[in-house]
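Asks: Sending over work22.tsv (TSV, C-alpha atoms).
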chain	number	residue	atom	x	y	z
A	1	MET	CA	126.73	134.25	77.56
A	2	SER	CA	125.61	130.95	76.15
A	3	ASN	CA	124.53	130.64	72.57
A	4	THR	CA	120.89	129.83	72.67
A	5	ILE	CA	118.42	129.76	69.92
A	6	THR	CA	114.90	130.83	70.50
A	7	PRO	CA	112.42	130.68	67.70
A	8	GLY	CA	111.36	134.08	66.56
A	9	LEU	CA	113.99	135.92	68.54
A	10	GLY	CA	116.99	135.30	66.33
A	11	GLY	CA	119.81	133.08	67.39
A	12	PHE	CA	123.54	132.98	67.81
A	13	GLY	CA	123.57	136.07	69.97
A	14	THR	CA	124.66	138.55	67.31
A	15	LEU	CA	123.51	138.22	63.74
A	16	PRO	CA	125.59	139.57	60.88
A	17	THR	CA	124.29	143.05	60.23
A	18	SER	CA	126.32	144.22	57.27
A	19	PRO	CA	125.04	142.93	53.95
A	20	THR	CA	128.27	143.85	52.27
A	21	GLU	CA	130.00	140.98	53.99
A	22	VAL	CA	128.27	138.26	52.04
A	23	GLY	CA	130.71	135.42	51.49
A	24	GLY	CA	133.16	137.11	53.85
A	25	SER	CA	136.07	134.98	54.92
A	26	GLY	CA	135.12	135.44	58.51
A	27	LYS	CA	138.05	137.62	59.36
A	28	SER	CA	135.67	140.48	59.84
A	29	SER	CA	133.43	140.38	62.88
A	30	GLY	CA	130.02	139.10	61.87
A	31	GLY	CA	129.28	138.00	58.36
A	32	PHE	CA	127.67	134.87	57.08
A	33	GLY	CA	130.91	132.95	57.32
A	34	ALA	CA	131.00	133.47	61.05
A	35	THR	CA	127.39	132.48	61.36
A	36	LEU	CA	127.98	129.30	59.46
A	37	ARG	CA	131.04	128.54	61.52
A	38	THR	CA	129.04	128.94	64.71
A	39	ALA	CA	126.35	126.68	63.30
A	40	ILE	CA	128.94	124.04	62.42
A	41	ASN	CA	130.46	124.20	65.88
A	42	GLN	CA	127.08	123.78	67.42
A	43	VAL	CA	126.40	120.75	65.25
A	44	ASN	CA	129.74	119.27	66.27
A	45	ASP	CA	129.16	119.79	69.97
A	46	LEU	CA	125.63	118.52	69.97
A	47	SER	CA	126.22	115.53	67.76
A	48	GLN	CA	129.22	114.51	69.83
A	49	ASP	CA	127.16	114.80	72.97
A	50	SER	CA	124.42	112.79	71.35
A	51	GLN	CA	126.89	110.04	70.34
A	52	GLU	CA	128.23	109.84	73.87
A	53	GLN	CA	124.79	109.62	75.38
A	54	VAL	CA	123.61	106.96	72.96
A	55	THR	CA	126.73	104.90	73.62
A	56	GLY	CA	126.22	105.30	77.34
A	57	LEU	CA	122.65	104.17	77.03
A	58	LEU	CA	123.42	101.12	74.95
A	59	GLN	CA	126.26	100.05	77.22
A	60	GLY	CA	123.99	100.26	80.20
A	61	ASP	CA	125.87	103.08	81.92
A	62	ARG	CA	122.82	105.29	82.00
A	63	GLN	CA	119.19	104.55	82.39
A	64	ASP	CA	117.45	107.76	81.31
A	65	LEU	CA	116.12	107.13	77.86
A	66	HIS	CA	114.36	110.48	77.65
A	67	ASN	CA	117.57	112.51	78.04
A	68	VAL	CA	119.22	110.52	75.26
A	69	MET	CA	116.24	111.09	72.96
A	70	ILE	CA	116.36	114.80	73.73
A	71	ALA	CA	120.06	114.96	72.92
A	72	VAL	CA	119.49	113.19	69.61
A	73	GLU	CA	116.69	115.58	68.74
A	74	LYS	CA	118.81	118.60	69.58
A	75	ALA	CA	121.60	117.36	67.34
A	76	ASP	CA	119.05	116.88	64.59
A	77	ILE	CA	117.74	120.41	64.98
A	78	ALA	CA	121.22	121.89	64.98
A	79	PHE	CA	122.00	120.03	61.79
A	80	GLN	CA	118.83	121.32	60.12
A	81	LEU	CA	119.71	124.82	61.18
A	82	MET	CA	123.18	124.53	59.74
A	83	MET	CA	121.78	123.28	56.44
A	84	GLN	CA	119.37	126.19	56.25
A	85	VAL	CA	122.09	128.69	57.01
A	86	ARG	CA	124.28	127.11	54.35
A	87	ASN	CA	121.45	127.26	51.83
A	88	LYS	CA	120.82	130.91	52.60
A	89	ILE	CA	124.45	131.75	52.08
A	90	VAL	CA	124.60	129.88	48.80
A	91	ASN	CA	121.39	131.56	47.59
A	92	ALA	CA	122.64	134.98	48.55
A	93	TYR	CA	125.91	134.35	46.74
A	94	GLU	CA	124.09	133.23	43.63
A	95	GLU	CA	121.85	136.29	43.76
A	96	VAL	CA	124.76	138.59	43.94
A	97	SER	CA	126.69	136.85	41.20
A	98	LYS	CA	123.65	137.20	38.92
A	99	MET	CA	123.77	140.94	39.22
A	100	GLN	CA	124.87	142.68	36.11
A	101	PHE	CA	126.61	145.99	36.10
B	1	MET	CA	121.64	99.23	85.56
B	2	SER	CA	120.00	99.72	82.22
B	3	ILE	CA	116.93	101.53	80.99
B	4	PHE	CA	115.06	98.43	82.04
B	5	SER	CA	116.05	98.74	85.67
B	6	THR	CA	112.53	99.54	86.84
B	7	LEU	CA	111.34	96.48	84.98
B	8	GLU	CA	113.92	94.39	86.81
B	9	ILE	CA	112.77	95.67	90.17
B	10	SER	CA	109.16	94.86	89.41
B	11	GLY	CA	110.20	91.57	87.89
B	12	SER	CA	111.93	90.54	91.09
B	13	ALA	CA	108.75	91.27	93.03
B	14	LEU	CA	106.68	89.24	90.59
B	15	ALA	CA	108.99	86.28	91.02
B	16	ALA	CA	108.97	86.59	94.80
B	17	GLU	CA	105.19	86.81	95.04
B	18	ARG	CA	104.82	83.85	92.73
B	19	GLN	CA	107.10	81.83	94.98
B	20	ARG	CA	105.03	82.89	97.94
B	21	ALA	CA	101.85	81.72	96.18
B	22	GLU	CA	103.49	78.37	95.44
B	23	VAL	CA	104.41	77.88	99.09
B	24	VAL	CA	100.86	78.70	100.11
B	25	ALA	CA	99.52	76.25	97.56
B	26	ALA	CA	101.82	73.55	98.92
B	27	ASN	CA	100.59	74.29	102.44
B	28	MET	CA	96.98	74.00	101.39
B	29	ALA	CA	97.58	70.81	99.46
B	30	ASN	CA	99.33	69.22	102.42
B	31	ALA	CA	96.98	70.34	105.15
B	32	GLU	CA	96.16	66.76	105.97
B	33	THR	CA	99.49	65.10	105.28
B	34	THR	CA	100.44	63.10	108.35
B	35	HIS	CA	103.34	61.24	106.90
B	36	THR	CA	106.12	62.53	104.66
B	37	ALA	CA	109.22	60.94	103.16
B	38	ALA	CA	111.33	62.60	105.84
B	39	GLY	CA	109.17	61.05	108.50
B	40	GLY	CA	106.62	62.90	110.56
B	41	PRO	CA	103.80	65.11	109.37
B	42	TYR	CA	104.15	67.94	106.87
B	43	ARG	CA	105.40	71.17	108.40
B	44	ARG	CA	103.79	74.43	107.31
B	45	LYS	CA	106.19	76.59	105.32
B	46	GLU	CA	106.53	80.37	105.19
B	47	VAL	CA	108.50	82.66	102.92
B	48	VAL	CA	110.73	85.41	104.21
B	49	PHE	CA	111.20	88.33	101.85
B	50	SER	CA	114.23	90.50	101.91
B	51	SER	CA	115.30	93.60	100.09
B	52	SER	CA	118.55	93.05	98.30
B	53	GLY	CA	120.70	95.53	96.51
B	54	ASN	CA	121.69	92.90	94.03
B	55	MET	CA	124.02	95.05	92.03
B	56	PRO	CA	127.78	95.05	91.61
B	57	PHE	CA	129.50	97.70	93.65
B	58	ARG	CA	130.65	99.68	90.59
B	59	MET	CA	127.07	100.14	89.46
B	60	MET	CA	125.96	101.11	92.94
B	61	LEU	CA	128.37	104.04	92.82
B	62	ALA	CA	127.25	105.04	89.34
B	63	ASN	CA	123.66	104.98	90.50
B	64	PHE	CA	124.45	107.17	93.43
B	65	ARG	CA	125.96	109.72	91.11
B	66	THR	CA	123.05	109.81	88.69
B	67	LEU	CA	120.19	109.07	91.02
B	68	GLY	CA	121.52	110.63	94.17
B	69	PHE	CA	120.20	108.05	96.51
B	70	HIS	CA	121.11	104.59	97.53
B	71	PRO	CA	120.82	101.66	95.21
B	72	ILE	CA	117.35	100.55	94.50
B	73	PRO	CA	116.47	97.47	96.48
B	74	ALA	CA	115.05	94.61	94.53
B	75	VAL	CA	113.16	91.92	96.34
B	76	ARG	CA	113.77	88.25	96.75
B	77	VAL	CA	112.74	85.32	98.85
B	78	ALA	CA	115.57	85.06	101.36
B	79	ARG	CA	114.53	81.72	102.71
B	80	ILE	CA	111.63	79.38	103.21
B	81	VAL	CA	111.24	78.52	106.85
B	82	ASP	CA	109.24	75.96	108.71
B	83	ASP	CA	106.48	77.27	110.87
B	84	PRO	CA	107.49	76.49	114.46
B	85	THR	CA	103.86	76.24	115.62
B	86	PRO	CA	103.41	72.83	117.22
B	87	ASN	CA	101.39	70.28	115.34
B	88	VAL	CA	97.76	69.67	116.00
B	89	MET	CA	97.06	66.37	117.70
B	90	ARG	CA	93.83	64.56	117.01
B	91	TYR	CA	92.58	61.46	118.64
B	92	GLU	CA	92.32	58.81	115.93
B	93	PRO	CA	93.41	55.47	117.36
B	94	ASP	CA	92.65	53.57	114.14
B	95	HIS	CA	94.84	55.78	111.98
B	96	PRO	CA	98.01	54.01	110.70
B	97	ASP	CA	100.12	57.00	111.84
B	98	ALA	CA	98.67	57.10	115.34
B	99	ASN	CA	101.17	57.09	118.17
B	100	LYS	CA	101.02	54.94	121.30
B	101	GLU	CA	98.27	57.04	122.88
B	102	GLY	CA	96.20	56.98	119.70
B	103	TYR	CA	96.90	60.56	118.64
B	104	VAL	CA	97.82	61.57	115.11
B	105	SER	CA	99.97	64.60	114.39
B	106	TYR	CA	98.49	66.94	111.81
B	107	PRO	CA	100.18	70.02	110.38
B	108	ALA	CA	98.96	73.27	111.95
B	109	ILE	CA	97.54	74.65	108.74
B	110	ASN	CA	94.48	76.86	108.78
B	111	PRO	CA	92.95	76.94	105.30
B	112	ILE	CA	91.43	80.37	105.89
B	113	GLN	CA	94.76	81.86	106.81
B	114	GLU	CA	96.32	80.32	103.74
B	115	MET	CA	93.59	81.75	101.53
B	116	VAL	CA	94.12	85.22	102.94
B	117	ASP	CA	97.83	84.84	102.31
B	118	LEU	CA	97.17	83.75	98.76
B	119	MET	CA	94.85	86.67	98.08
B	120	SER	CA	97.43	89.08	99.39
B	121	ALA	CA	100.08	87.53	97.16
B	122	VAL	CA	97.79	87.84	94.14
B	123	ARG	CA	96.96	91.47	94.86
B	124	THR	CA	100.58	92.40	95.25
B	125	TYR	CA	101.41	90.50	92.09
B	126	GLN	CA	98.79	92.50	90.19
B	127	LEU	CA	100.08	95.77	91.51
B	128	ASN	CA	103.60	94.94	90.42
B	129	ALA	CA	102.30	93.86	87.03
B	130	SER	CA	100.74	97.31	86.58
B	131	ALA	CA	104.04	98.82	87.60
B	132	VAL	CA	105.63	96.87	84.75
B	133	ASN	CA	103.05	98.29	82.37
B	134	ALA	CA	103.64	101.79	83.62
B	135	SER	CA	107.39	101.48	83.09
B	136	LYS	CA	106.87	100.06	79.64
B	137	GLN	CA	104.57	102.93	78.67
B	138	MET	CA	107.02	105.51	79.89
B	139	ILE	CA	109.79	103.98	77.83
B	140	GLN	CA	107.56	104.02	74.76
B	141	GLN	CA	106.64	107.64	75.37
B	142	ALA	CA	110.27	108.60	75.69
B	143	LEU	CA	110.90	107.00	72.30
B	144	ASP	CA	108.17	109.23	70.88
B	145	ILE	CA	110.28	112.31	71.56
B	146	LEU	CA	111.91	111.60	68.23
B	147	LYS	CA	108.48	111.52	66.55
C	1	MET	CA	127.73	125.47	76.20
C	2	ASN	CA	126.34	125.38	72.74
C	3	ASP	CA	122.76	124.42	73.12
C	4	ILE	CA	119.83	124.43	70.76
C	5	SER	CA	117.18	125.02	73.36
C	6	ASN	CA	115.37	127.58	75.44
C	7	PRO	CA	114.66	127.81	79.16
C	8	ILE	CA	111.43	125.88	78.79
C	9	VAL	CA	113.18	122.93	77.20
C	10	GLN	CA	115.81	122.99	79.92
C	11	MET	CA	113.17	122.94	82.60
C	12	LEU	CA	111.32	120.13	80.85
C	13	GLU	CA	114.47	118.03	80.74
C	14	LYS	CA	114.81	118.31	84.49
C	15	PHE	CA	111.12	117.68	84.95
C	16	LEU	CA	111.32	114.47	82.95
C	17	THR	CA	114.39	113.27	84.80
C	18	LEU	CA	112.75	113.90	88.16
C	19	ALA	CA	109.58	112.13	87.09
C	20	SER	CA	111.48	109.06	85.97
C	21	GLN	CA	113.52	109.01	89.18
C	22	ARG	CA	110.36	109.22	91.23
C	23	HIS	CA	108.88	106.40	89.18
C	24	THR	CA	111.86	104.22	90.03
C	25	LEU	CA	111.37	104.96	93.74
C	26	ILE	CA	107.67	104.16	93.57
C	27	THR	CA	108.39	100.95	91.69
C	28	SER	CA	110.76	99.81	94.40
C	29	ASN	CA	108.23	100.72	97.10
C	30	ILE	CA	105.65	98.58	95.33
C	31	ALA	CA	108.11	95.74	94.85
C	32	ASN	CA	108.74	95.71	98.59
C	33	LEU	CA	105.11	95.66	99.68
C	34	ASP	CA	105.69	92.45	101.58
C	35	THR	CA	109.25	92.91	102.75
C	36	PRO	CA	109.43	93.03	106.54
C	37	GLY	CA	110.84	96.26	107.90
C	38	TYR	CA	110.82	98.13	104.59
C	39	ARG	CA	109.95	101.84	104.86
C	40	THR	CA	108.33	103.83	102.07
C	41	ARG	CA	110.67	106.32	100.41
C	42	ASP	CA	109.83	109.37	98.33
C	43	PHE	CA	111.05	112.86	97.59
C	44	ASP	CA	109.37	116.24	97.37
C	45	PHE	CA	108.80	116.61	93.64
C	46	ARG	CA	107.98	120.31	93.53
C	47	GLY	CA	110.79	121.23	95.88
C	48	GLU	CA	113.34	119.20	93.95
C	49	LEU	CA	112.16	120.67	90.64
C	50	ARG	CA	112.55	124.19	92.01
C	51	ARG	CA	115.98	123.28	93.29
C	52	ALA	CA	117.01	121.73	89.97
C	53	ILE	CA	115.85	124.76	87.97
C	54	SER	CA	117.79	127.18	90.12
C	55	THR	CA	121.12	125.35	89.91
C	56	GLU	CA	122.99	124.86	86.69
C	57	ASP	CA	124.29	121.43	87.63
C	58	PRO	CA	123.06	118.89	85.06
C	59	VAL	CA	123.43	115.97	87.45
C	60	MET	CA	120.24	115.57	89.41
C	61	THR	CA	120.44	114.20	92.89
C	62	PRO	CA	117.06	114.30	94.59
C	63	ILE	CA	117.12	113.40	98.23
C	64	ALA	CA	114.90	110.44	99.00
C	65	ARG	CA	113.45	110.34	102.46
C	66	ALA	CA	111.30	108.10	104.56
C	67	ILE	CA	107.74	109.32	104.64
C	68	PRO	CA	106.24	110.07	108.04
C	69	GLY	CA	102.66	109.38	108.98
C	70	LEU	CA	102.15	106.07	107.23
C	71	MET	CA	100.44	103.21	108.94
C	72	GLU	CA	102.80	100.45	109.91
C	73	ARG	CA	102.00	96.77	109.76
C	74	PRO	CA	103.15	94.26	112.39
C	75	ASP	CA	106.14	93.20	110.31
C	76	GLY	CA	107.52	96.73	110.24
C	77	ASN	CA	106.52	97.44	106.65
C	78	ASN	CA	104.71	100.72	106.03
C	79	VAL	CA	104.13	100.64	102.27
C	80	SER	CA	100.59	101.63	101.37
C	81	MET	CA	99.27	99.96	98.23
C	82	ASP	CA	96.78	102.77	97.63
C	83	ARG	CA	99.23	105.57	98.04
C	84	GLU	CA	101.76	103.95	95.73
C	85	SER	CA	99.28	103.11	92.97
C	86	LEU	CA	97.92	106.62	93.04
C	87	LEU	CA	101.38	108.13	92.90
C	88	MET	CA	102.42	105.78	90.13
C	89	ALA	CA	99.48	106.84	87.97
C	90	GLU	CA	100.18	110.47	88.69
C	91	THR	CA	103.89	110.20	87.91
C	92	GLN	CA	103.18	108.36	84.70
C	93	LEU	CA	100.85	111.13	83.59
C	94	GLN	CA	103.40	113.75	84.54
C	95	PHE	CA	106.02	112.01	82.45
C	96	ASN	CA	103.64	111.83	79.50
C	97	ILE	CA	102.81	115.53	79.81
C	98	GLY	CA	106.49	116.37	79.91
C	99	VAL	CA	107.18	114.33	76.81
C	100	GLN	CA	104.34	115.95	74.87
C	101	LEU	CA	105.42	119.43	75.88
C	102	ILE	CA	109.02	118.90	74.95
C	103	ARG	CA	108.06	117.37	71.62
C	104	ASN	CA	105.96	120.42	70.97
C	105	GLN	CA	108.89	122.69	71.78
C	106	PHE	CA	111.17	120.87	69.39
C	107	GLN	CA	108.53	120.95	66.70
C	108	GLN	CA	108.21	124.71	67.11
C	109	ILE	CA	111.95	125.18	66.81
C	110	MET	CA	112.18	122.91	63.80
C	111	THR	CA	109.28	124.69	62.10
C	112	ALA	CA	110.90	128.05	62.70
C	113	ILE	CA	114.05	126.79	61.06
C	114	THR	CA	112.58	125.09	58.04
C	115	GLU	CA	109.75	127.53	57.37
C	116	GLY	CA	112.30	130.30	57.30
C	117	SER	CA	113.66	128.81	54.12
C	118	LYS	CA	110.61	129.88	52.23
C	119	GLY	CA	111.23	133.51	51.39
Represent the structure of the file as structure tokens.
Replies:
Amino acid sequence: MSNTITPGLGGFGTLPTSPTEVGGSGKSSGGFGATLRTAINQVNDLSQDSQEQVTGLLQGDRQDLHNVMIAVEKADIAFQLMMQVRNKIVNAYEEVSKMQF
Amino acid sequence: MSIFSTLEISGSALAAERQRAEVVAANMANAETTHTAAGGPYRRKEVVFSSSGNMPFRMMLANFRTLGFHPIPAVRVARIVDDPTPNVMRYEPDHPDANKEGYVSYPAINPIQEMVDLMSAVRTYQLNASAVNASKQMIQQALDILK
Amino acid sequence: MNDISNPIVQMLEKFLTLASQRHTLITSNIANLDTPGYRTRDFDFRGELRRAISTEDPVMTPIARAIPGLMERPDGNNVSMDRESLLMAETQLQFNIGVQLIRNQFQQIMTAITEGSKG
């Protein structure tokens, strides 16, 4: 099953469902750590692909400009997504650490 | 092959048609030339176009992989040949180039035919120029994908 | 593979690639308007798009064929100026439409990501 992201339908296949795993090390299945890790992997894959395509284009090995632009845009989007996920995790952590008992 | 490959194809056609127009112009200018440096009257010239896959073999294979069909033929003028039609003889005994019987050899050039040729060259040139514009626009649109 | 896209984007990628390949073919037809013996080549756009959508192979190899039914001139060339200009305009528009649609898709995805940060 490929990891696809569709706006409005949730991404990454399975979202972390247990709120008690905030800041989890990722050893448990699910959890924000796992989500972030997936996001980082996606960024890696897509930005590597985008680098390869751009290099290919500039060296004259490929002639389809539109595919290269699309790859660059996808890498961009993946990066944005990763940043947002990271921000969410940091916010959630700060929220929890503000709690007083 | 680069992203500008379509531009190169059209560019080759533009160059070829321009050469064709030049040959036609030379024909028209020399329609009455009875005496050239090489001796004898001017001979009408024609261009022969040919489709050339003017790409290195390595790129032809790469193209086949990405495009799936054979290398794109660009166009060039293969050669400029002399028209074999025999010269027109006119009776002008007082002409300095007249032969023993008083006939002068004129090139077999019909100005109307040359004009038609020229118009065809111009039309084709224009069409290829719009192809260049189309390619350019598509490249610019593709750049817009990144906003 | 990891991919930030949806089926529409994937289809649009193939659509754009096919349109640009067809444009290259048309350009070479036009360039060879006066080449003796040259035959017009084209491929079935809709058929190739359907074929490309159904297979997962990212490498697109449309099959270019000679077109039957075109009038042939005495030198063996059957390229029709009118047909090629019409097709060129059409393909250009198709490419433009594809670009706009895919931009719109990416904008939607990006909005979903960044708007989600508010709240």
Asks: Could you tell me how far atom CA of C:Phe95 sits from atom CA of C:Val9, in Å to one decimal place?
Replies: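 The value is 14.1 Å.
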Asks: Could you tell me how far atom CA of B:Ala131 lies from atom CA of A:Asp61, in Å and to one decimal?
Replies: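 That distance, rounded to one decimal, is 23.0 Å.
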Asks: Using Å and a single decimal, report how far atom CA of C:Phe45 sits from atom CA of C:Pro68.
Replies: 16.0 Å
Asks: Pick from C:Met88, C:Ile53, C:Ala31, C:Ala66: nearest to B:Leu14, with all atoms listed in the file counted?
Replies: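 Among the listed residues, C:Ala31 lies closest to B:Leu14.
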Asks: Using only C-alpha atoms, which chain C residues lie at most 6 Å away from chain B, written as a ChimeraX atom specification?
Replies: /C:24,31,35,61-62,103
Asks: Generate a file of the selected residues that holds C-alpha atoms, formatted as a PDB file, keeping the file's coordinate frame.
Replies:
ATOM      1  CA  THR C  24     111.860 104.220  90.030  1.00  0.00           C
ATOM      2  CA  ALA C  31     108.110  95.740  94.850  1.00  0.00           C
ATOM      3  CA  THR C  35     109.250  92.910 102.750  1.00  0.00           C
ATOM      4  CA  THR C  61     120.440 114.200  92.890  1.00  0.00           C
ATOM      5  CA  PRO C  62     117.060 114.300  94.590  1.00  0.00           C
ATOM      6  CA  ARG C 103     108.060 117.370  71.620  1.00  0.00           C
TER       7      ARG C 103
END
Asks: Any idea what's packed within 12 Å of A:Asp45, counting all atoms listed in the file, ignoring anything in its chain fewer than 3 positions away? Could you give it as a list in words?
Replies: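 Here the answer would be Thr38, Ala39, Ile40, Asn41, Gln42, Gln48, Asp49, Ser50, Gln51, Glu52, Ala71, Val72, Lys74, Ala75, Asp76, Ala78 and Phe79 of chain A; Met1, Asn2, Asp3 and Ile4 of chain C.
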Asks: Nearest to chain B: which of A:Asn44, A:Gln53, A:Asn67, A:Gln84 is it, counting all atoms listed in the file?
Replies: A:Asn67
Asks: Hey, what's within 9 Å of stretch 96-109 of chain B if we count all atoms listed in the file and toss same-chain stuff fewer than 4 positions away? As a ChimeraX atom specification, please?
Replies: /B:27-28,30-35,40-44,83,85-92,113-114
Asks: Using only C-alpha atoms, which protein or nucleic acid residues come within 12 Å of C:Arg46? Drop anything in the same chain fewer than 2 positions from it, and give the result as a list in words.
Replies: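 My list of contacting residues is Lys14, Phe15, Leu18, Ala19, Arg22, Phe43, Asp44, Glu48, Leu49, Arg50, Arg51, Ala52, Ile53 and Pro62 of chain C.
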Asks: Residues of chain A no more than 7 Å from chain B, counting all atoms listed in the file: send them over as a PyMOL selection string.
Replies: chain A and resi 60-66+69-70+73
Asks: Please identify all polymer residues within 7 Å of A:Leu36, counting all atoms listed in the file, omitting same-chain residues fewer than 6 positions from it, and present them as a list in words.
Replies: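 Listing them by chain and then by number gives Met82, Val85 and Arg86 of chain A.
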